[in-house]
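Just upload-v3.cif here, mmCIF, C-alpha atoms:
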```cif
data_protein
loop_
_atom_site.label_atom_id
_atom_site.label_comp_id
_atom_site.auth_asym_id
_atom_site.auth_seq_id
_atom_site.Cartn_x
_atom_site.Cartn_y
_atom_site.Cartn_z
CA MET A 1 19.68 1.66 -31.78
CA ALA A 2 17.70 1.91 -28.60
CA ASP A 3 19.89 -0.56 -26.71
CA GLU A 4 23.05 1.42 -27.14
CA ILE A 5 23.97 3.24 -23.94
CA PHE A 6 25.17 6.80 -24.27
CA GLU A 7 27.61 7.62 -21.50
CA VAL A 8 28.19 11.07 -20.03
CA GLU A 9 30.64 12.06 -17.32
CA ILE A 10 29.86 15.07 -15.14
CA LYS A 11 32.10 16.55 -12.49
CA ILE A 12 31.09 18.59 -9.48
CA LYS A 13 33.89 21.01 -8.60
CA ASN A 14 33.50 23.95 -6.23
CA HIS A 15 29.76 23.22 -6.22
CA VAL A 16 29.50 23.72 -9.99
CA PHE A 17 28.70 21.07 -12.62
CA GLU A 18 31.27 20.54 -15.37
CA PRO A 19 30.00 20.49 -18.04
CA SER A 20 26.76 22.15 -17.12
CA GLU A 21 25.20 21.89 -20.59
CA ILE A 22 25.24 18.48 -22.19
CA GLU A 23 23.96 17.66 -25.65
CA ILE A 24 22.56 14.18 -26.10
CA PRO A 25 20.99 12.36 -29.05
CA SER A 26 17.41 11.19 -28.38
CA GLY A 27 16.38 7.55 -28.43
CA HIS A 28 19.31 6.25 -26.42
CA LYS A 29 19.53 4.87 -22.95
CA LEU A 30 21.74 7.14 -20.89
CA LYS A 31 24.33 6.57 -18.24
CA LEU A 32 25.30 9.65 -16.28
CA ILE A 33 28.40 9.27 -14.19
CA VAL A 34 28.62 12.04 -11.63
CA HIS A 35 31.95 12.62 -9.86
CA ASN A 36 32.07 14.73 -6.74
CA MET A 37 35.49 16.42 -6.55
CA ASP A 38 34.48 18.50 -3.53
CA GLU A 39 34.96 17.69 0.11
CA THR A 40 31.28 18.21 0.81
CA ILE A 41 28.37 15.96 0.10
CA GLU A 42 26.03 16.71 -2.77
CA GLU A 43 22.74 15.39 -4.00
CA PHE A 44 22.23 15.16 -7.72
CA GLU A 45 18.58 16.02 -8.20
CA SER A 46 16.32 16.57 -11.17
CA PHE A 47 12.57 17.11 -11.26
CA ASP A 48 12.64 16.72 -15.03
CA LEU A 49 14.44 13.37 -14.84
CA LYS A 50 12.48 12.43 -11.69
CA ARG A 51 15.60 11.30 -9.88
CA GLU A 52 17.71 12.19 -6.88
CA LYS A 53 20.88 10.56 -5.67
CA ILE A 54 23.43 11.33 -2.97
CA VAL A 55 27.00 11.83 -4.23
CA PRO A 56 29.49 11.35 -1.38
CA PRO A 57 32.54 13.66 -1.13
CA GLY A 58 35.23 12.39 -3.51
CA GLY A 59 32.85 9.70 -4.74
CA LYS A 60 30.93 8.97 -7.92
CA ILE A 61 27.48 7.68 -8.76
CA LYS A 62 25.85 6.23 -11.82
CA ILE A 63 22.41 7.21 -12.99
CA ILE A 64 20.85 5.10 -15.70
CA LEU A 65 18.03 6.69 -17.63
CA ALA A 66 15.50 5.26 -20.04
CA PRO A 67 15.61 6.94 -23.50
CA LEU A 68 14.46 10.55 -23.27
CA MET A 69 12.33 12.53 -25.67
CA PRO A 70 13.85 15.65 -27.24
CA GLY A 71 13.84 18.60 -24.88
CA LYS A 72 15.64 20.30 -22.05
CA TYR A 73 16.07 18.45 -18.75
CA GLU A 74 17.35 20.52 -15.86
CA PHE A 75 19.29 19.12 -12.92
CA PHE A 76 20.85 20.67 -9.83
CA GLY A 77 22.79 19.94 -6.66
CA GLU A 78 20.30 19.99 -3.83
CA PHE A 79 22.75 21.14 -1.20
CA HIS A 80 24.21 23.98 -3.32
CA GLN A 81 21.33 25.06 -5.51
CA GLU A 82 22.61 28.58 -6.15
CA THR A 83 25.66 27.41 -8.07
CA ALA A 84 25.21 23.73 -8.95
CA LYS A 85 22.90 23.89 -11.97
CA GLY A 86 22.91 22.29 -15.38
CA PHE A 87 20.80 20.67 -18.06
CA LEU A 88 20.69 17.90 -20.61
CA ASN A 89 19.76 19.01 -24.10
CA VAL A 90 18.24 15.98 -25.83
CA LYS A 91 18.06 16.41 -29.61
CA MET B 1 25.19 28.43 9.06
CA LEU B 2 22.17 29.73 7.18
CA LYS B 3 22.83 27.24 4.43
CA ILE B 4 22.74 24.33 6.85
CA ALA B 5 19.55 25.71 8.37
CA ILE B 6 17.88 25.93 4.95
CA VAL B 7 18.90 22.44 3.87
CA ILE B 8 17.82 20.90 7.19
CA PHE B 9 14.52 22.81 7.08
CA ARG B 10 13.82 21.61 3.56
CA GLU B 11 14.51 18.01 4.52
CA PHE B 12 12.40 18.23 7.68
CA LEU B 13 9.47 19.97 6.03
CA GLU B 14 8.06 16.82 4.51
CA ILE B 15 8.44 14.87 7.74
CA ALA B 16 6.78 17.70 9.70
CA ILE B 17 3.81 18.14 7.37
CA LEU B 18 3.05 14.45 7.05
CA LEU B 19 3.34 13.82 10.77
CA GLY B 20 1.24 16.90 11.57
CA ILE B 21 -1.62 15.55 9.46
CA VAL B 22 -1.30 11.93 10.60
CA LEU B 23 -1.21 12.95 14.26
CA ALA B 24 -4.24 15.20 13.83
CA ALA B 25 -6.07 12.37 12.06
CA THR B 26 -5.37 9.89 14.86
CA LYS B 27 -5.97 12.32 17.73
CA SER B 28 -8.75 10.15 19.15
CA LEU B 29 -6.57 7.05 19.36
CA SER B 30 -5.78 6.65 23.05
CA GLY B 31 -2.33 5.50 24.13
CA ARG B 32 -0.80 6.37 20.77
CA ILE B 33 2.15 8.30 22.19
CA GLN B 34 4.31 5.22 22.86
CA TYR B 35 3.68 4.02 19.33
CA ILE B 36 4.68 7.40 17.90
CA ILE B 37 7.86 7.48 19.97
CA ALA B 38 8.65 3.93 18.86
CA GLY B 39 8.16 5.09 15.26
CA VAL B 40 10.50 8.06 15.76
CA LEU B 41 13.20 5.82 17.27
CA ILE B 42 12.93 3.15 14.58
CA GLY B 43 12.99 5.86 11.91
CA VAL B 44 16.06 7.63 13.30
CA VAL B 45 18.01 4.39 13.80
CA GLY B 46 16.95 3.12 10.37
CA ALA B 47 17.93 6.38 8.67
CA SER B 48 21.37 6.34 10.35
CA VAL B 49 22.00 2.74 9.37
CA LEU B 50 20.83 3.41 5.81
CA ALA B 51 23.16 6.42 5.56
CA PHE B 52 26.18 4.22 6.16
CA PHE B 53 25.11 1.61 3.64
CA THR B 54 24.17 4.04 0.87
CA THR B 55 27.13 3.17 -1.33
CA GLN B 56 26.66 -0.58 -1.05
CA LEU B 57 22.94 -0.20 -1.64
CA ALA B 58 23.53 1.82 -4.79
CA MET B 59 25.54 -1.06 -6.27
CA ALA B 60 22.83 -3.65 -5.60
CA PHE B 61 20.29 -4.76 -8.24
CA GLY B 62 22.57 -3.92 -11.16
CA GLY B 63 23.10 -0.32 -10.06
CA PHE B 64 19.41 0.28 -9.42
CA GLY B 65 19.65 -0.62 -5.72
CA ASP B 66 18.65 2.66 -4.18
CA GLU B 67 15.99 3.39 -6.80
CA ILE B 68 14.30 0.03 -6.16
CA PHE B 69 14.66 0.58 -2.43
CA ASP B 70 13.16 4.08 -2.69
CA VAL B 71 10.21 2.76 -4.66
CA GLY B 72 9.70 0.03 -2.04
CA VAL B 73 9.69 2.47 0.87
CA ILE B 74 7.44 4.93 -1.00
CA LEU B 75 4.90 2.25 -1.91
CA LEU B 76 4.88 0.95 1.67
CA THR B 77 4.15 4.51 2.83
CA VAL B 78 1.33 4.76 0.28
CA PHE B 79 -0.10 1.54 1.68
CA VAL B 80 0.00 2.59 5.34
CA LEU B 81 -1.33 6.08 4.59
CA GLY B 82 -4.12 4.54 2.53
CA TRP B 83 -4.87 2.13 5.36
CA THR B 84 -5.12 5.01 7.83
CA ALA B 85 -7.45 6.97 5.55
CA VAL B 86 -9.73 3.97 4.97
CA TRP B 87 -9.71 3.07 8.66
CA MET B 88 -10.63 6.65 9.61
CA ARG B 89 -13.55 6.52 7.24
CA GLY B 90 -15.09 3.57 9.03
CA TYR B 91 -14.48 5.21 12.33
CA SER B 92 -15.96 8.55 11.35
CA SER B 93 -19.16 6.90 10.17
CA GLN B 94 -19.57 5.65 13.72
CA ILE B 95 -18.88 8.94 15.36
CA LYS B 96 -22.57 9.39 16.00
CA GLU B 97 -22.55 6.34 18.24
CA GLU B 98 -21.75 6.67 21.88
CA VAL B 99 -18.17 7.72 22.35
CA SER B 100 -17.39 5.01 24.91
CA LEU B 101 -18.58 2.30 22.56
CA VAL B 102 -16.42 3.60 19.76
CA ALA B 103 -13.44 3.86 22.08
CA SER B 104 -13.84 0.29 23.28
CA ARG B 105 -13.98 -0.95 19.72
CA ILE B 106 -10.82 0.86 18.79
CA ALA B 107 -9.07 -0.37 21.91
CA LYS B 108 -9.71 -3.95 20.77
CA GLY B 109 -6.91 -4.04 18.31
CA ASN B 110 -3.44 -2.57 18.25
CA ALA B 111 -3.18 -2.85 14.48
CA HIS B 112 -3.91 0.82 13.90
CA LYS B 113 -1.30 1.90 16.37
CA VAL B 114 1.29 -0.37 14.80
CA ILE B 115 0.39 1.22 11.47
CA LEU B 116 0.95 4.59 13.13
CA THR B 117 4.42 3.45 14.20
CA LEU B 118 5.08 2.36 10.62
CA ILE B 119 4.02 5.72 9.16
CA VAL B 120 6.19 7.70 11.56
CA ALA B 121 9.18 5.38 11.13
CA GLY B 122 8.81 5.20 7.34
CA THR B 123 8.60 8.97 6.92
CA ILE B 124 11.64 9.71 9.06
CA PHE B 125 13.50 6.86 7.40
CA ARG B 126 12.88 8.20 3.89
CA GLU B 127 13.97 11.79 4.47
CA GLY B 128 16.21 11.24 7.48
CA SER B 129 19.11 9.39 5.88
CA GLU B 130 19.81 12.42 3.70
CA VAL B 131 19.95 14.60 6.79
CA VAL B 132 22.34 12.17 8.48
CA LEU B 133 24.65 12.07 5.44
CA PHE B 134 24.54 15.82 5.06
CA ILE B 135 25.44 16.48 8.69
CA TYR B 136 28.13 13.82 8.67
CA SER B 137 29.76 15.24 5.57
CA PHE B 138 29.60 18.79 6.87
CA SER B 139 31.12 17.91 10.19
CA SER B 140 33.94 15.89 8.58
CA SER B 141 34.88 18.56 6.06
CA GLN B 142 35.33 21.06 8.91
CA SER B 143 34.57 24.10 6.83
CA LEU B 144 32.53 25.48 9.72
CA SER B 145 32.92 25.63 13.46
CA GLY B 146 30.93 23.14 15.49
CA GLU B 147 28.89 25.92 17.00
CA GLN B 148 27.72 27.36 13.70
CA TYR B 149 26.85 23.97 12.46
CA LEU B 150 24.83 23.06 15.54
CA LEU B 151 23.04 26.39 15.34
CA GLY B 152 22.17 25.80 11.70
CA PHE B 153 20.83 22.39 12.54
CA ALA B 154 18.83 23.76 15.48
CA ILE B 155 17.26 26.58 13.45
CA GLY B 156 16.44 24.28 10.54
CA SER B 157 14.87 21.54 12.65
CA LEU B 158 13.02 24.07 14.80
CA GLY B 159 11.57 25.60 11.64
CA GLY B 160 10.30 22.17 10.59
CA LEU B 161 8.86 21.58 14.04
CA VAL B 162 7.03 24.93 13.97
CA VAL B 163 5.42 24.17 10.59
CA GLY B 164 4.39 20.67 11.72
CA SER B 165 2.93 21.87 15.03
CA ALA B 166 1.16 24.79 13.36
CA LEU B 167 -0.46 22.41 10.91
CA TYR B 168 -1.39 19.98 13.68
CA MET B 169 -2.94 22.65 15.90
CA GLY B 170 -4.50 24.46 12.97
CA LEU B 171 -6.22 21.28 11.83
CA LEU B 172 -7.51 20.57 15.34
CA LYS B 173 -8.66 24.12 15.95
CA PHE B 174 -10.08 25.31 12.67
CA ALA B 175 -11.12 22.07 11.10
CA ALA B 176 -12.35 20.39 14.28
CA ARG B 177 -15.83 19.83 12.87
CA TYR B 178 -14.55 18.48 9.63
CA ILE B 179 -11.33 17.00 10.94
CA PHE B 180 -12.09 13.52 9.64
CA LYS B 181 -13.09 14.74 6.21
CA VAL B 182 -10.15 17.13 5.91
CA CYS B 183 -7.58 14.59 7.07
CA PHE B 184 -9.17 11.87 4.94
CA VAL B 185 -8.81 13.99 1.81
CA LEU B 186 -5.27 15.11 2.70
CA LEU B 187 -4.08 11.56 3.43
CA ILE B 188 -5.48 10.25 0.17
CA LEU B 189 -3.89 13.07 -1.84
CA ILE B 190 -0.52 12.59 -0.11
CA ALA B 191 -0.69 8.83 -0.77
CA ALA B 192 -1.60 9.46 -4.42
CA GLY B 193 1.28 11.93 -4.77
CA LEU B 194 3.73 9.41 -3.37
CA ALA B 195 2.41 6.70 -5.70
CA ALA B 196 3.01 9.07 -8.61
CA GLU B 197 6.55 9.70 -7.34
CA ALA B 198 7.20 5.94 -7.35
CA ALA B 199 5.83 5.77 -10.90
CA GLY B 200 8.19 8.61 -11.87
CA ILE B 201 11.23 6.66 -10.65
CA LEU B 202 10.04 3.46 -12.33
CA THR B 203 9.63 5.20 -15.68
CA SER B 204 12.90 7.08 -15.29
CA ILE B 205 14.98 3.93 -14.75
CA GLY B 206 13.14 2.19 -17.58
CA PHE B 207 11.29 -0.47 -15.53
CA ILE B 208 8.08 0.90 -16.96
CA THR B 209 8.34 1.80 -20.61
CA VAL B 210 4.75 2.58 -21.55
CA LEU B 211 2.88 5.88 -21.05
CA THR B 212 6.10 7.76 -20.40
CA GLN B 213 4.98 10.75 -22.47
CA PRO B 214 4.72 13.99 -20.53
CA ALA B 215 1.12 14.89 -19.71
CA TRP B 216 1.67 18.65 -19.39
CA ASP B 217 4.18 21.31 -18.42
CA SER B 218 3.03 23.78 -15.79
CA SER B 219 6.50 24.89 -14.72
CA TRP B 220 5.71 28.40 -16.03
CA PHE B 221 2.89 28.54 -13.47
CA VAL B 222 4.31 26.82 -10.37
CA ALA B 223 7.98 25.73 -10.50
CA ASP B 224 8.98 22.54 -8.68
CA GLN B 225 11.80 24.32 -6.87
CA SER B 226 9.66 27.14 -5.48
CA ILE B 227 8.47 26.94 -1.88
CA PHE B 228 4.87 26.87 -3.10
CA GLY B 229 5.72 24.09 -5.53
CA LYS B 230 7.43 22.15 -2.79
CA LEU B 231 4.42 22.52 -0.45
CA LEU B 232 2.04 21.48 -3.22
CA LYS B 233 4.29 18.49 -3.93
CA ILE B 234 4.10 17.28 -0.33
CA LEU B 235 0.38 17.95 0.08
CA VAL B 236 -1.10 16.94 -3.25
CA GLY B 237 1.86 15.41 -5.10
CA TYR B 238 2.32 18.35 -7.48
CA GLU B 239 4.85 17.97 -10.28
CA SER B 240 5.19 20.48 -13.08
CA LYS B 241 5.94 17.84 -15.73
CA PRO B 242 4.25 14.57 -14.80
CA ASN B 243 4.12 11.74 -17.32
CA LEU B 244 1.00 9.74 -18.17
CA MET B 245 2.01 6.74 -16.05
CA GLN B 246 2.31 9.00 -13.03
CA LEU B 247 -1.26 10.20 -13.66
CA VAL B 248 -2.41 6.58 -13.87
CA PHE B 249 -0.78 5.83 -10.49
CA TYR B 250 -2.17 9.04 -8.99
CA CYS B 251 -5.76 8.53 -10.11
CA GLY B 252 -5.55 4.77 -9.48
CA THR B 253 -4.56 5.34 -5.84
CA ILE B 254 -7.37 7.83 -5.30
CA GLY B 255 -9.84 5.46 -6.96
CA ILE B 256 -8.79 2.38 -4.95
CA LEU B 257 -8.83 4.27 -1.65
CA CYS B 258 -12.21 5.89 -2.31
CA ILE B 259 -13.78 2.56 -3.26
CA SER B 260 -12.31 0.78 -0.21
CA SER B 261 -13.48 3.49 2.17
CA HIS B 262 -16.91 3.42 0.61
CA PHE B 263 -17.19 -0.29 1.35
CA ARG B 264 -15.74 0.14 4.80
CA SER B 265 -18.19 2.83 5.84
CA ARG B 266 -21.05 0.79 4.36
CA LYS B 267 -19.98 -2.27 6.33
CA PHE B 268 -20.11 -0.20 9.50
CA THR B 269 -23.53 1.19 8.72
CA LEU B 270 -24.90 -2.31 8.11
CA LYS B 271 -23.48 -3.63 11.39
CA GLN B 272 -25.33 -1.14 13.49
#
```

Is it possible to express this structure as structure tokens?
Amino acid sequence: MADEIFEVEIKIKNHVFEPSEIEIPSGHKLKLIVHNMDETIEEFESFDLKREKIVPPGGKIKIILAPLMPGKYEFFGEFHQETAKGFLNVK
Amino acid sequence: MLKIAIVIFREFLEIAILLGIVLAATKSLSGRIQYIIAGVLIGVVGASVLAFFTTQLAMAFGGFGDEIFDVGVILLTVFVLGWTAVWMRGYSSQIKEEVSLVASRIAKGNAHKVILTLIVAGTIFREGSEVVLFIYSFSSSQSLSGEQYLLGFAIGSLGGLVVGSALYMGLLKFAARYIFKVCFVLLILIAAGLAAEAAGILTSIGFITVLTQPAWDSSWFVADQSIFGKLLKILVGYESKPNLMQLVFYCGTIGILCISSHFRSRKFTLKQ
């Protein structure tokens, strides 16, 4: 069912993504909800997903993605790249 | 402090490189300084305003507000960069004419200078709002002293300025003979890269659903995050995993701009 939206919640805490590895079935539209629990701003960025979005301190953003093909899609926090790393594993 | 400097530098790099090339390309345009300053002011004000409306913007257009907005600003930049490249082409074909004649023709219209204002403003606008948000958040969280944070900002922006000026002077000094050709090629590649970026966003949000298959994966060779990858991205629109639609946008932009400049330089040759 391609129209079904698969929802994933991700938290940013101490500049680390939780969870940082997310398994997702292929063929679904995706909604990533990213919560920023830190007091500093972050930018959710991914070259693989071709998206970037500012996440204000204490705020949340939604990222809607067209169905992805199986594979690994890395993402990171642009302002804390050393620690804020994760990936979607689409199966 | 160093962290702020790095983030600011990274954000300013794109602004610096693009402006360095555009300014070198339009060196011969007299009285352009006011138009550049106007562009800087509009860009800075626009970026600050945008920063404060980010949340509201994100909610617009069914949650796609900022993506649609990004695509709009990117495509506008592609258009003005393309315009500049095509305009330069016509001008460079006349370079053999007497300089005064060429100058008088250029002085006739202000359109090119307004375009220059648009390029400067658009570029600062696109990257600048992130800088504003970043600084605002850092200063409000008070994890650093004001001094450290100012120093970080100063070092980062100075670094960007150095790269931009080096590129500008380097182009004028070492490519003086071929300045039009070099800038023409660079502007077209930058425009094509931006068009591909817009295509990437449009396929990612599902507005375009055809040709979304990845064309290749060269991340083993040049990673997107590396400094080299970042430079290549700004200059030629490099992405390690582009999809087919991005290639269509990339090649389409190059094709359209080359054809338009061909006709423009031919028109000028016929006039003489």

Determine which residues of chain B sit within 10 Å of chain A, taking into account all atoms listed in the file, and present them as an mmCIF file with C-alpha atoms, in the frame of the given file.
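Writing done, so here's out.cif:
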```cif
data_model
loop_
_atom_site.group_PDB
_atom_site.id
_atom_site.type_symbol
_atom_site.label_atom_id
_atom_site.label_comp_id
_atom_site.auth_asym_id
_atom_site.auth_seq_id
_atom_site.Cartn_x
_atom_site.Cartn_y
_atom_site.Cartn_z
ATOM 1 C CA LYS B 3 22.830 27.240 4.430
ATOM 2 C CA ILE B 4 22.740 24.330 6.850
ATOM 3 C CA ILE B 6 17.880 25.930 4.950
ATOM 4 C CA VAL B 7 18.900 22.440 3.870
ATOM 5 C CA ILE B 8 17.820 20.900 7.190
ATOM 6 C CA ARG B 10 13.820 21.610 3.560
ATOM 7 C CA ALA B 51 23.160 6.420 5.560
ATOM 8 C CA THR B 54 24.170 4.040 0.870
ATOM 9 C CA THR B 55 27.130 3.170 -1.330
ATOM 10 C CA ALA B 58 23.530 1.820 -4.790
ATOM 11 C CA MET B 59 25.540 -1.060 -6.270
ATOM 12 C CA GLY B 63 23.100 -0.320 -10.060
ATOM 13 C CA PHE B 64 19.410 0.280 -9.420
ATOM 14 C CA ASP B 66 18.650 2.660 -4.180
ATOM 15 C CA GLU B 67 15.990 3.390 -6.800
ATOM 16 C CA GLU B 130 19.810 12.420 3.700
ATOM 17 C CA LEU B 133 24.650 12.070 5.440
ATOM 18 C CA PHE B 134 24.540 15.820 5.060
ATOM 19 C CA ILE B 135 25.440 16.480 8.690
ATOM 20 C CA TYR B 136 28.130 13.820 8.670
ATOM 21 C CA SER B 137 29.760 15.240 5.570
ATOM 22 C CA PHE B 138 29.600 18.790 6.870
ATOM 23 C CA SER B 139 31.120 17.910 10.190
ATOM 24 C CA SER B 140 33.940 15.890 8.580
ATOM 25 C CA SER B 141 34.880 18.560 6.060
ATOM 26 C CA GLN B 142 35.330 21.060 8.910
ATOM 27 C CA SER B 143 34.570 24.100 6.830
ATOM 28 C CA GLU B 197 6.550 9.700 -7.340
ATOM 29 C CA ALA B 198 7.200 5.940 -7.350
ATOM 30 C CA ALA B 199 5.830 5.770 -10.900
ATOM 31 C CA GLY B 200 8.190 8.610 -11.870
ATOM 32 C CA ILE B 201 11.230 6.660 -10.650
ATOM 33 C CA LEU B 202 10.040 3.460 -12.330
ATOM 34 C CA THR B 203 9.630 5.200 -15.680
ATOM 35 C CA SER B 204 12.900 7.080 -15.290
ATOM 36 C CA ILE B 205 14.980 3.930 -14.750
ATOM 37 C CA GLY B 206 13.140 2.190 -17.580
ATOM 38 C CA PHE B 207 11.290 -0.470 -15.530
ATOM 39 C CA ILE B 208 8.080 0.900 -16.960
ATOM 40 C CA THR B 209 8.340 1.800 -20.610
ATOM 41 C CA THR B 212 6.100 7.760 -20.400
ATOM 42 C CA GLN B 213 4.980 10.750 -22.470
ATOM 43 C CA PRO B 214 4.720 13.990 -20.530
ATOM 44 C CA ALA B 223 7.980 25.730 -10.500
ATOM 45 C CA ASP B 224 8.980 22.540 -8.680
ATOM 46 C CA GLN B 225 11.800 24.320 -6.870
ATOM 47 C CA GLU B 239 4.850 17.970 -10.280
ATOM 48 C CA SER B 240 5.190 20.480 -13.080
ATOM 49 C CA LYS B 241 5.940 17.840 -15.730
ATOM 50 C CA PRO B 242 4.250 14.570 -14.800
#
```

Which polymer residues have any atom within 7 Å of an atom of Ser20 of chain A, counting all atoms listed in the file, with same-chain residues fewer than 3 positions away left out, as a ChimeraX atom specification? /A:17,85-87

Ground truth for the PyMOL selection byres ((chain A and resi 91) around 7), written as a list in words: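 Evaluating the PyMOL selection byres ((chain A and resi 91) around 7) on these coordinates yields Ile24, Pro25, Ser26, Pro70, Gly71, Asn89 and Val90 of chain A.
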
Those selected residues, please, written with C-alpha atoms and delivered as a PDB file, keeping the file's coordinate frame.
```
ATOM      1  CA  ILE A  24      22.560  14.180 -26.100  1.00  0.00           C
ATOM      2  CA  PRO A  25      20.990  12.360 -29.050  1.00  0.00           C
ATOM      3  CA  SER A  26      17.410  11.190 -28.380  1.00  0.00           C
ATOM      4  CA  PRO A  70      13.850  15.650 -27.240  1.00  0.00           C
ATOM      5  CA  GLY A  71      13.840  18.600 -24.880  1.00  0.00           C
ATOM      6  CA  ASN A  89      19.760  19.010 -24.100  1.00  0.00           C
ATOM      7  CA  VAL A  90      18.240  15.980 -25.830  1.00  0.00           C
TER       8      VAL A  90
END
```

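Atom pair atom CA of Gly237 of chain B / atom CA of Leu257 of chain B: separated by 15.8 Å.
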
Between atom CA of Phe12 of chain B and atom CA of Val86 of chain B, what distance in Å does the model show, to one decimal? 26.5 Å

Could you give me, as a PyMOL selection string, the residues that sit within 12 Å of (-3.2, 8.2, 20.9) in the file's coordinates, counting all atoms listed in the file? chain B and resi 22-37+103+106-107+110+112-114+116-117

Using the chain letters and residue numbers of this document, give as a VMD selection string the residues selected by the PyMOL selection byres ((chain B and resi 190) around 7). chain B and resid 186 to 189 191 to 194 234 to 237

So what do you get for atom CA of Leu18 of chain B versus atom CA of Ile259 of chain B, distance-wise?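 Straight-line distance from atom CA of Leu18 of chain B to atom CA of Ile259 of chain B works out to 23.0 Å.
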
Assuming the input is short of atoms at segment 117-129 of chain B, produce N, CA and C atoms for that part as an mmCIF file, in the coordinates of the input.
```cif
data_model
loop_
_atom_site.group_PDB
_atom_site.id
_atom_site.type_symbol
_atom_site.label_atom_id
_atom_site.label_comp_id
_atom_site.auth_asym_id
_atom_site.auth_seq_id
_atom_site.Cartn_x
_atom_site.Cartn_y
_atom_site.Cartn_z
ATOM 1 N N THR B 117 2.971 3.589 14.027
ATOM 2 C CA THR B 117 4.420 3.450 14.200
ATOM 3 C C THR B 117 5.102 3.362 12.837
ATOM 4 N N LEU B 118 4.503 2.553 11.950
ATOM 5 C CA LEU B 118 5.080 2.360 10.620
ATOM 6 C C LEU B 118 5.138 3.665 9.821
ATOM 7 N N ILE B 119 4.062 4.456 9.907
ATOM 8 C CA ILE B 119 4.020 5.720 9.160
ATOM 9 C C ILE B 119 5.126 6.644 9.649
ATOM 10 N N VAL B 120 5.184 6.802 10.979
ATOM 11 C CA VAL B 120 6.190 7.700 11.560
ATOM 12 C C VAL B 120 7.590 7.225 11.196
ATOM 13 N N ALA B 121 7.846 5.928 11.404
ATOM 14 C CA ALA B 121 9.180 5.380 11.130
ATOM 15 C C ALA B 121 9.514 5.522 9.641
ATOM 16 N N GLY B 122 8.573 5.162 8.780
ATOM 17 C CA GLY B 122 8.810 5.200 7.340
ATOM 18 C C GLY B 122 9.130 6.604 6.842
ATOM 19 N N THR B 123 8.402 7.594 7.362
ATOM 20 C CA THR B 123 8.600 8.970 6.920
ATOM 21 C C THR B 123 9.967 9.491 7.328
ATOM 22 N N ILE B 124 10.336 9.235 8.587
ATOM 23 C CA ILE B 124 11.640 9.710 9.060
ATOM 24 C C ILE B 124 12.759 8.978 8.315
ATOM 25 N N PHE B 125 12.539 7.695 8.091
ATOM 26 C CA PHE B 125 13.500 6.860 7.400
ATOM 27 C C PHE B 125 13.808 7.405 6.000
ATOM 28 N N ARG B 126 12.742 7.762 5.277
ATOM 29 C CA ARG B 126 12.880 8.200 3.890
ATOM 30 C C ARG B 126 13.679 9.498 3.761
ATOM 31 N N GLU B 127 13.326 10.478 4.595
ATOM 32 C CA GLU B 127 13.970 11.790 4.470
ATOM 33 C C GLU B 127 15.206 11.885 5.371
ATOM 34 N N GLY B 128 15.181 11.087 6.450
ATOM 35 C CA GLY B 128 16.210 11.240 7.480
ATOM 36 C C GLY B 128 17.620 10.853 7.071
ATOM 37 N N SER B 129 17.754 9.844 6.208
ATOM 38 C CA SER B 129 19.110 9.390 5.880
ATOM 39 C C SER B 129 19.879 10.481 5.146
#
```
